[in-house]
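Enquirer: One structure is given below, represented as structure tokens, and several questions about it will come after.
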There are 6 protein chains.
Amino acid sequence: MVYVTRRATFSASHRLYNPKFSEAKNFEIFDKCANPNGHGHNYVLEITVVGMPRQDTGYVIDLTKLKQVMKTEILDKVDHKHLNHDVDFMQGVIPTAENIAKAIWKILEPKITEGKLISVRLQETENNSVEYRGEE
Amino acid sequence: MVYVTRRATFSASHRLYNPKFSEAKNFEIFDKCANPNGHGHNYVLEITVVGMPRQDTGYVIDLTKLKQVMKTEILDKVDHKHLNHDVDFMQGVIPTAENIAKAIWKILEPKITEGKLISVRLQETENNSVEYRGEE
Amino acid sequence: MVYVTRRATFSASHRLYNPKFSEAKNFEIFDKCANPNGHGHNYVLEITVVGMPRQDTGYVIDLTKLKQVMKTEILDKVDHKHLNHDVDFMQGVIPTAENIAKAIWKILEPKITEGKLISVRLQETENNSVEYRGEE
Amino acid sequence: MVYVTRRATFSASHRLYNPKFSEAKNFEIFDKCANPNGHGHNYVLEITVVGMPRQDTGYVIDLTKLKQVMKTEILDKVDHKHLNHDVDFMQGVIPTAENIAKAIWKILEPKITEGKLISVRLQETENNSVEYRGEE
Amino acid sequence: MVYVTRRATFSASHRLYNPKFSEAKNFEIFDKCANPNGHGHNYVLEITVVGMPRQDTGYVIDLTKLKQVMKTEILDKVDHKHLNHDVDFMQGVIPTAENIAKAIWKILEPKITEGKLISVRLQETENNSVEYRGEE
Amino acid sequence: MVYVTRRATFSASHRLYNPKFSEAKNFEIFDKCANPNGHGHNYVLEITVVGMPRQDTGYVIDLTKLKQVMKTEILDKVDHKHLNHDVDFMQGVIPTAENIAKAIWKILEPKITEGKLISVRLQETENNSVEYRGEE
């Protein structure tokens with residue numbers, strides 16, 4: 001069993017805001033992240049897949065294919081987009097790093113058929129990051 | 001003469017768009033950077049000041065003071081903001097990295113009185129960055 | 001369950017030295033780390049907390065609060081200090097990265113009430129780091 | 001129990017190629033990695049050892065000794081070498097990152113006697129990395 | 001005048017060897033870099049162009065175009081290649097970082113028509129890098 | 001003319017303190033950097049040499065020799081040391097990054113005989129760095 005990680009980046013904007021909260025409560029909880037016009041990040045996404053390297057290729061998964069899946073399923077949908085307004089799979093949830101990571105897991109998990117998805121890590125800034133491992 | 005550099009980061013969103021251009025021309029020039037709802041970056045700002053270290057302190061400039069100027073004059077105004085909508089000093093210009101760097105120079109240059117501002121570098125993504133040295 | 005990590009840095013000095021050992025044995029074991037006047041590092045501290053993101057905020061833990069706890073409980077006590085002489089919670093132990101990480105765990109674990117502390121990572125140099133996960 | 005990680009780098013070249021496959025199939029699977037003259041990487045190797053810090057030293061393992069083992073057993077054999085042609089422990093396997101990591105584990109595992117080897121991580125490029133934890 | 005930098009990476013192998021020198025002298029001068037089967041690096045290439053940002057776009061140069069030129073003219077020719085054997089523009093010169101940077105300058109300089117090429121930086125390892133600014 | 005840069009790191013402690021100032025004035029100017037027991041950093045040192053690559057080697061300077069000079073003349077004297085107490089070439093000056101860089105220049109400049117020393121850069125933390133280019 002070897003863990004294989006592919007890293008990619010995307011640039012997006014978002015606003016942390018719960019429409020059920022008052023304006024005041026939104027700012028109390030989300031502070032400057034609740035600014036109406038949003039702000040943005042260079043997100044770093046790391047996808048880890050675990051499996052047995054194949055005898056004939058030495059690969060757990062062809063990283064070119066993983067790269068392609070990450071591009072088609074995730075990056076093309078979020079890169080240079082506003083996560084609250086432009087991204088279908090983020091509708092109805094607050095786009096915190098936690099929720100983005102969980103949404104990415106949900107999309108990628110069934111698409112990965114060589115090996116098994118084991119971790120979605122998302123770095124939002126150089127100081128903040130999250131990881132989702134499919135645990136409920 | 002020693003060159004002293006202070007680095008800071010901020011997260012902001014922007015949209016590259018020239019209102020004088022047609023929608024089609026904006027997308028031709030700015031591509032996905034013209035998406036209506038904007039996108040964002042973790043900007044890395046590096047300010048370089050040059051001067052003679054003082055005999056009695058060994059400092060060209062007290063970096064705590066430079067840090068404070070950068071915070072008050074720049075970071076508090078751009079961090080977690082939308083550069084097109086929320087930032088007074090970016091009004092009327094397209095918020096490319098080039099124009100942001102020039103605007104930051106214009107603000108900081110007169111505020112730096114120990115040593116002399118010599119460079120404003122702004123990294124927009126891990127692959128793209130600009131530097132302005134006050135040259136016309 | 002999502003793992004949330006907050007990173008911070010501090011600059012401190014230390015000396016690795018066991019007063020029960022002879023001078024010769026100290027240098028045999030700790031080599032240049034036993035130099036009498038000490039030396040220092042830019043430590044990188046990463047605190048990971050695990051929990052369920054709240055439905056109404058999308059947060060496992062408000063990172064601003066975690067940042068504040070890390071500052072008050074740890075950074076204010078170690079930053080720009082000598083770990084052997086100035087830091088109460090390091091008295092009586094040799095300030096190896098291992099022991100610093102364990103001491104930080106002991107302090108932070110009861111303070112983290114949203115989610116649960118799961119990892120204290122401490123990078124001492126770009127080549128050396130440790131992680132403590134609360135395991136005995 | 002503390003996890004201690006030592007990082008090192010080496011520069012090597014390799015070619016991904018299975019002699020049992022046709023030329024066409026090799027390029028289909030390994031693409032440009034199958035180019036006959038090979039290509040190379042600055043590999044980043046991270047070795048993690050877990051154990052109880054000793055009471056009298058505060059160390060799980062003397063990192064100088066771990067550094068020495070990594071140098072003698074691995075780095076001296078792979079640095080500035082061609083993994084397919086020059087490295088005895090890579091003969092007969094395709095030198096994917098997965099297989100390199102497994103081979104390194106096999107060599108280091110019996111050599112580490114303070115603490116226990118728990119992870120071999122190998123970064124091949126800034127976007128691709130693998131980890132082997134000794135799991136079958 | 002603003003300096004705009006685009007960064008890209010490629011993985012290649014090379015051997016430092018002067019056929020006019022004896023085997024012994026090659027090893028004396030190039031040490032392990034003269035190993036017959038070569039070795040490799042993840043090169044980091046940074047291209048800097050200087051010019052006036054255009055009034056109507058805020059760009060010195062459209063980085064998408066610079067990226068494309070770097071890809072077509074350089075990266076496609078060197079990535080996953082052996083610099084001594086596979087790269088036409090490196091024939092007849094020893095592929096040191098110095099010579100690679102100069103060769104890249106010679107190719108890119110006439111291709112850059114918005115702004116002016118001012119620097120080619122090439123990082124060979126995390127500790128070694130070179131820069132060529134077109135100076136004779 | 002090519003600029004060649006070699007990077008190295010060292011870990012040291014220091015205290016910023018001018019004995020001619022009162023205790024109060026020292027803390028006013030140097031703040032926590034004046035703490036009596038000192039603190040420390042992982043310094044990153046970058047030495048840049050400029051010259052013509054030799055026709056027969058492709059090198060401006062043999063980096064193995066530059067590495068050796070940096071080790072013998074600088075790193076062996078500062079690594080794991082206290083800059084105020086243990087380092088002869090820092091006696092009588094306040095060990096700010098500015099003054100360390102200037103002292104390193106003074107030592108290395110006459111030792112570099114292939115090419116010419118053009119820059120000493122010293123990074124003290126991830127946010128603070130200085131550069132000395134031999135300019136008075």
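Ordering of the structure tokens sets the chain letters (A, B, ...); residue numbers start at 1 within each chain; ligands are numbered from 1 in the order shown.
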Using only C-alpha atoms, which protein or nucleic acid residues come within 12 Å of E:Asn99? Drop anything in the same chain fewer than 6 positions from it, and give the result as a ChimeraX atom specification.
Expert: /E:16,83-84,89-93,105-106,120-122,130-132 /F:1-4,52-60
Enquirer: Using the chain letters and numbers from this document, which residues of stretch 32-66 of chain C does DSSP assign to strand (DSSP E or B), as a ChimeraX atom specification?
Expert: /C:39-51
Enquirer: Can I get the selection written as an mmCIF file, in the first residue's frame, with all heavy atoms?
Expert:
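Once everything was written out, this is selection_15.cif:
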```cif
data_model
loop_
_atom_site.group_PDB
_atom_site.id
_atom_site.type_symbol
_atom_site.label_atom_id
_atom_site.label_comp_id
_atom_site.auth_asym_id
_atom_site.auth_seq_id
_atom_site.Cartn_x
_atom_site.Cartn_y
_atom_site.Cartn_z
ATOM 1 N N HIS C 39 21.995 28.545 20.928
ATOM 2 C CA HIS C 39 21.810 28.930 19.530
ATOM 3 C C HIS C 39 20.298 29.030 19.342
ATOM 4 O O HIS C 39 19.552 28.912 20.311
ATOM 5 C CB HIS C 39 22.426 27.869 18.605
ATOM 6 C CG HIS C 39 21.790 26.535 18.764
ATOM 7 N ND1 HIS C 39 22.076 25.695 19.804
ATOM 8 C CD2 HIS C 39 20.814 25.918 18.057
ATOM 9 C CE1 HIS C 39 21.339 24.612 19.714
ATOM 10 N NE2 HIS C 39 20.562 24.713 18.674
ATOM 11 N N GLY C 40 19.830 29.258 18.116
ATOM 12 C CA GLY C 40 18.395 29.467 17.997
ATOM 13 C C GLY C 40 17.807 29.027 16.687
ATOM 14 O O GLY C 40 18.523 28.610 15.774
ATOM 15 N N HIS C 41 16.498 29.111 16.638
ATOM 16 C CA HIS C 41 15.763 28.658 15.455
ATOM 17 C C HIS C 41 14.545 29.551 15.219
ATOM 18 O O HIS C 41 14.030 30.171 16.137
ATOM 19 C CB HIS C 41 15.256 27.218 15.653
ATOM 20 C CG HIS C 41 16.332 26.216 15.896
ATOM 21 N ND1 HIS C 41 17.221 25.827 14.928
ATOM 22 C CD2 HIS C 41 16.685 25.521 17.011
ATOM 23 C CE1 HIS C 41 18.064 24.924 15.424
ATOM 24 N NE2 HIS C 41 17.767 24.727 16.694
ATOM 25 N N ASN C 42 14.085 29.548 13.958
ATOM 26 C CA ASN C 42 12.737 30.003 13.646
ATOM 27 C C ASN C 42 11.861 28.753 13.670
ATOM 28 O O ASN C 42 11.852 27.982 12.716
ATOM 29 C CB ASN C 42 12.679 30.641 12.249
ATOM 30 C CG ASN C 42 13.568 31.858 12.125
ATOM 31 O OD1 ASN C 42 13.752 32.610 13.073
ATOM 32 N ND2 ASN C 42 14.147 32.043 10.942
ATOM 33 N N TYR C 43 11.184 28.537 14.761
ATOM 34 C CA TYR C 43 10.319 27.370 14.870
ATOM 35 C C TYR C 43 9.019 27.594 14.097
ATOM 36 O O TYR C 43 8.470 28.704 14.107
ATOM 37 C CB TYR C 43 9.972 27.107 16.334
ATOM 38 C CG TYR C 43 11.123 26.606 17.171
ATOM 39 C CD1 TYR C 43 11.943 27.477 17.874
ATOM 40 C CD2 TYR C 43 11.389 25.242 17.261
ATOM 41 C CE1 TYR C 43 12.998 27.013 18.655
ATOM 42 C CE2 TYR C 43 12.437 24.770 18.041
ATOM 43 C CZ TYR C 43 13.245 25.665 18.734
ATOM 44 O OH TYR C 43 14.284 25.198 19.490
ATOM 45 N N VAL C 44 8.542 26.538 13.466
ATOM 46 C CA VAL C 44 7.219 26.580 12.822
ATOM 47 C C VAL C 44 6.328 25.603 13.586
ATOM 48 O O VAL C 44 6.646 24.414 13.701
ATOM 49 C CB VAL C 44 7.296 26.169 11.340
ATOM 50 C CG1 VAL C 44 5.909 26.255 10.703
ATOM 51 C CG2 VAL C 44 8.288 27.050 10.590
ATOM 52 N N LEU C 45 5.243 26.145 14.121
ATOM 53 C CA LEU C 45 4.322 25.352 14.939
ATOM 54 C C LEU C 45 3.022 25.144 14.169
ATOM 55 O O LEU C 45 2.433 26.101 13.661
ATOM 56 C CB LEU C 45 4.045 26.119 16.234
ATOM 57 C CG LEU C 45 3.021 25.527 17.196
ATOM 58 C CD1 LEU C 45 3.493 24.188 17.746
ATOM 59 C CD2 LEU C 45 2.764 26.506 18.344
ATOM 60 N N GLU C 46 2.588 23.894 14.073
ATOM 61 C CA GLU C 46 1.311 23.610 13.411
ATOM 62 C C GLU C 46 0.422 22.830 14.374
ATOM 63 O O GLU C 46 0.779 21.742 14.819
ATOM 64 C CB GLU C 46 1.519 22.805 12.132
ATOM 65 C CG GLU C 46 2.152 23.608 11.023
ATOM 66 C CD GLU C 46 2.332 22.784 9.763
ATOM 67 O OE1 GLU C 46 3.077 21.782 9.803
ATOM 68 O OE2 GLU C 46 1.734 23.126 8.750
ATOM 69 N N ILE C 47 -0.729 23.405 14.653
ATOM 70 C CA ILE C 47 -1.690 22.818 15.585
ATOM 71 C C ILE C 47 -2.868 22.296 14.774
ATOM 72 O O ILE C 47 -3.467 23.048 14.004
ATOM 73 C CB ILE C 47 -2.178 23.898 16.576
ATOM 74 C CG1 ILE C 47 -0.996 24.447 17.384
ATOM 75 C CG2 ILE C 47 -3.282 23.360 17.484
ATOM 76 C CD1 ILE C 47 -0.264 23.436 18.217
ATOM 77 N N THR C 48 -3.189 21.017 14.955
ATOM 78 C CA THR C 48 -4.328 20.442 14.235
ATOM 79 C C THR C 48 -5.427 20.034 15.212
ATOM 80 O O THR C 48 -5.163 19.355 16.209
ATOM 81 C CB THR C 48 -3.890 19.223 13.401
ATOM 82 O OG1 THR C 48 -2.886 19.642 12.491
ATOM 83 C CG2 THR C 48 -5.067 18.651 12.609
ATOM 84 N N VAL C 49 -6.626 20.453 14.866
ATOM 85 C CA VAL C 49 -7.815 20.179 15.667
ATOM 86 C C VAL C 49 -8.787 19.408 14.778
ATOM 87 O O VAL C 49 -8.925 19.731 13.598
ATOM 88 C CB VAL C 49 -8.446 21.513 16.129
ATOM 89 C CG1 VAL C 49 -9.809 21.288 16.754
ATOM 90 C CG2 VAL C 49 -7.503 22.224 17.091
ATOM 91 N N VAL C 50 -9.446 18.412 15.332
ATOM 92 C CA VAL C 50 -10.400 17.639 14.531
ATOM 93 C C VAL C 50 -11.802 17.753 15.122
ATOM 94 O O VAL C 50 -11.960 17.819 16.350
ATOM 95 C CB VAL C 50 -9.982 16.152 14.422
ATOM 96 C CG1 VAL C 50 -9.977 15.467 15.773
ATOM 97 C CG2 VAL C 50 -10.860 15.394 13.433
ATOM 98 N N GLY C 51 -12.792 17.814 14.237
ATOM 99 C CA GLY C 51 -14.170 17.879 14.714
ATOM 100 C C GLY C 51 -15.124 17.944 13.543
ATOM 101 O O GLY C 51 -14.722 17.939 12.393
#
```
Enquirer: Enter the distance from atom CA of F:Ala12 to atom CA of C:Lys67, in Å, rounded to one decimal.
Expert: 27.2 Å
Enquirer: If DSSP is run on the backbone, what residues of chain F are alpha helix (DSSP H)? A reply as a PyMOL selection string would be ideal.
Expert: chain F and resi 23-30+63-69+76-78+97-108
Enquirer: What residues in chain B have any atom no more than 8 Å from chain A when counting only C-alpha atoms, and can you write them as a PDB file with N, CA, C and O atoms, in the first residue's frame?
Expert:
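Once everything was written out, this is selection_28.pdb:
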```
ATOM      1  N   SER B  11      -5.160  38.742   1.425  1.00  0.00           N
ATOM      2  CA  SER B  11      -6.071  37.974   0.582  1.00  0.00           C
ATOM      3  C   SER B  11      -7.132  38.917   0.059  1.00  0.00           C
ATOM      4  O   SER B  11      -7.813  39.577   0.850  1.00  0.00           O
ATOM      5  N   ALA B  12      -7.252  38.970  -1.249  1.00  0.00           N
ATOM      6  CA  ALA B  12      -8.207  39.902  -1.844  1.00  0.00           C
ATOM      7  C   ALA B  12      -8.784  39.300  -3.109  1.00  0.00           C
ATOM      8  O   ALA B  12      -8.266  38.323  -3.643  1.00  0.00           O
ATOM      9  N   SER B  13      -9.868  39.881  -3.574  1.00  0.00           N
ATOM     10  CA  SER B  13     -10.419  39.445  -4.858  1.00  0.00           C
ATOM     11  C   SER B  13     -10.348  40.611  -5.836  1.00  0.00           C
ATOM     12  O   SER B  13     -10.193  41.777  -5.448  1.00  0.00           O
ATOM     13  N   HIS B  14     -10.420  40.297  -7.097  1.00  0.00           N
ATOM     14  CA  HIS B  14     -10.423  41.344  -8.122  1.00  0.00           C
ATOM     15  C   HIS B  14     -11.050  40.800  -9.401  1.00  0.00           C
ATOM     16  O   HIS B  14     -11.301  39.605  -9.547  1.00  0.00           O
ATOM     17  N   LYS B  32     -10.361  34.289 -18.339  1.00  0.00           N
ATOM     18  CA  LYS B  32     -11.113  33.971 -17.124  1.00  0.00           C
ATOM     19  C   LYS B  32     -10.946  35.026 -16.028  1.00  0.00           C
ATOM     20  O   LYS B  32     -11.741  35.078 -15.093  1.00  0.00           O
ATOM     21  N   CYS B  33      -9.919  35.884 -16.161  1.00  0.00           N
ATOM     22  CA  CYS B  33      -9.755  36.967 -15.184  1.00  0.00           C
ATOM     23  C   CYS B  33     -10.878  38.000 -15.306  1.00  0.00           C
ATOM     24  O   CYS B  33     -11.030  38.861 -14.445  1.00  0.00           O
ATOM     25  N   ASN B  35     -14.094  37.131 -15.510  1.00  0.00           N
ATOM     26  CA  ASN B  35     -15.356  36.563 -15.003  1.00  0.00           C
ATOM     27  C   ASN B  35     -16.067  37.575 -14.106  1.00  0.00           C
ATOM     28  O   ASN B  35     -15.443  38.167 -13.221  1.00  0.00           O
ATOM     29  N   ASN B  37     -18.041  37.750 -11.526  1.00  0.00           N
ATOM     30  CA  ASN B  37     -18.049  37.749 -10.063  1.00  0.00           C
ATOM     31  C   ASN B  37     -16.660  37.807  -9.441  1.00  0.00           C
ATOM     32  O   ASN B  37     -16.525  37.766  -8.221  1.00  0.00           O
ATOM     33  N   GLY B  38     -15.645  37.905 -10.280  1.00  0.00           N
ATOM     34  CA  GLY B  38     -14.281  38.045  -9.757  1.00  0.00           C
ATOM     35  C   GLY B  38     -13.726  36.739  -9.220  1.00  0.00           C
ATOM     36  O   GLY B  38     -14.393  35.697  -9.216  1.00  0.00           O
ATOM     37  N   HIS B  39     -12.482  36.798  -8.823  1.00  0.00           N
ATOM     38  CA  HIS B  39     -11.771  35.662  -8.226  1.00  0.00           C
ATOM     39  C   HIS B  39     -10.758  36.280  -7.273  1.00  0.00           C
ATOM     40  O   HIS B  39     -10.769  37.495  -7.078  1.00  0.00           O
ATOM     41  N   GLY B  40      -9.889  35.473  -6.672  1.00  0.00           N
ATOM     42  CA  GLY B  40      -9.008  36.086  -5.680  1.00  0.00           C
ATOM     43  C   GLY B  40      -7.670  35.425  -5.550  1.00  0.00           C
ATOM     44  O   GLY B  40      -7.400  34.393  -6.170  1.00  0.00           O
ATOM     45  N   HIS B  41      -6.843  36.038  -4.756  1.00  0.00           N
ATOM     46  CA  HIS B  41      -5.474  35.567  -4.564  1.00  0.00           C
ATOM     47  C   HIS B  41      -5.023  35.794  -3.123  1.00  0.00           C
ATOM     48  O   HIS B  41      -5.534  36.677  -2.448  1.00  0.00           O
ATOM     49  N   ASN B  42      -4.026  35.008  -2.710  1.00  0.00           N
ATOM     50  CA  ASN B  42      -3.226  35.355  -1.546  1.00  0.00           C
ATOM     51  C   ASN B  42      -2.013  36.121  -2.071  1.00  0.00           C
ATOM     52  O   ASN B  42      -1.069  35.521  -2.564  1.00  0.00           O
ATOM     53  N   ASP B  79      -6.797  43.851   2.620  1.00  0.00           N
ATOM     54  CA  ASP B  79      -6.956  42.470   3.085  1.00  0.00           C
ATOM     55  C   ASP B  79      -8.433  42.118   3.265  1.00  0.00           C
ATOM     56  O   ASP B  79      -9.184  42.846   3.926  1.00  0.00           O
ATOM     57  N   HIS B  80      -8.812  40.994   2.673  1.00  0.00           N
ATOM     58  CA  HIS B  80     -10.201  40.530   2.711  1.00  0.00           C
ATOM     59  C   HIS B  80     -11.148  41.531   2.056  1.00  0.00           C
ATOM     60  O   HIS B  80     -12.309  41.657   2.467  1.00  0.00           O
ATOM     61  N   LYS B  81     -10.642  42.197   1.034  1.00  0.00           N
ATOM     62  CA  LYS B  81     -11.449  43.164   0.286  1.00  0.00           C
ATOM     63  C   LYS B  81     -11.500  42.775  -1.201  1.00  0.00           C
ATOM     64  O   LYS B  81     -10.733  41.934  -1.658  1.00  0.00           O
ATOM     65  N   HIS B  82     -12.419  43.441  -1.923  1.00  0.00           N
ATOM     66  CA  HIS B  82     -12.487  43.320  -3.379  1.00  0.00           C
ATOM     67  C   HIS B  82     -11.796  44.554  -3.945  1.00  0.00           C
ATOM     68  O   HIS B  82     -12.257  45.676  -3.732  1.00  0.00           O
ATOM     69  N   HIS B  85     -13.935  47.109  -5.900  1.00  0.00           N
ATOM     70  CA  HIS B  85     -15.072  47.786  -5.264  1.00  0.00           C
ATOM     71  C   HIS B  85     -14.736  48.459  -3.942  1.00  0.00           C
ATOM     72  O   HIS B  85     -15.358  49.454  -3.592  1.00  0.00           O
ATOM     73  N   ASP B  86     -13.816  47.886  -3.191  1.00  0.00           N
ATOM     74  CA  ASP B  86     -13.660  48.320  -1.793  1.00  0.00           C
ATOM     75  C   ASP B  86     -12.439  49.195  -1.527  1.00  0.00           C
ATOM     76  O   ASP B  86     -12.280  49.683  -0.407  1.00  0.00           O
ATOM     77  N   THR B 125       0.422  34.838  -7.813  1.00  0.00           N
ATOM     78  CA  THR B 125       0.306  33.384  -7.666  1.00  0.00           C
ATOM     79  C   THR B 125       1.730  32.851  -7.551  1.00  0.00           C
ATOM     80  O   THR B 125       2.687  33.601  -7.710  1.00  0.00           O
TER      81      THR B 125
END
```
Enquirer: One decimal, Å: what's the distance from atom CA of A:Pro110 over to atom CA of D:Glu28, could you say?
Expert: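 Those two atoms sit 24.5 Å apart.
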Enquirer: Can you pull out every residue within 9 Å of D:Thr113, counting only C-alpha atoms, but drop anything in the same chain fewer than 4 positions away, and send it as a ChimeraX atom specification?
Expert: /D:61,109,117
Enquirer: Write out as a list in words the residues lying within 12 Å of A:Val69, counting only C-alpha atoms and excluding same-chain residues fewer than 4 positions away.
Expert: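 These residues fall inside the cut-off: Arg6, Ala8, Ile47, Ile61, Asp62, Leu63, Thr64, Lys65, Glu73, Ile74, Leu75, Asp76, Lys77, Ile104, Ile107, Leu108, Glu109, Pro110, Lys111, Ile112 and Thr113 of chain A.
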Enquirer: What does the distance between atom CA of D:Met70 and atom CA of C:Ile29 come to in Å, to one decimal place?
Expert: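 Atom CA of C:Ile29 lies at a distance of 18.9 Å from atom CA of D:Met70.
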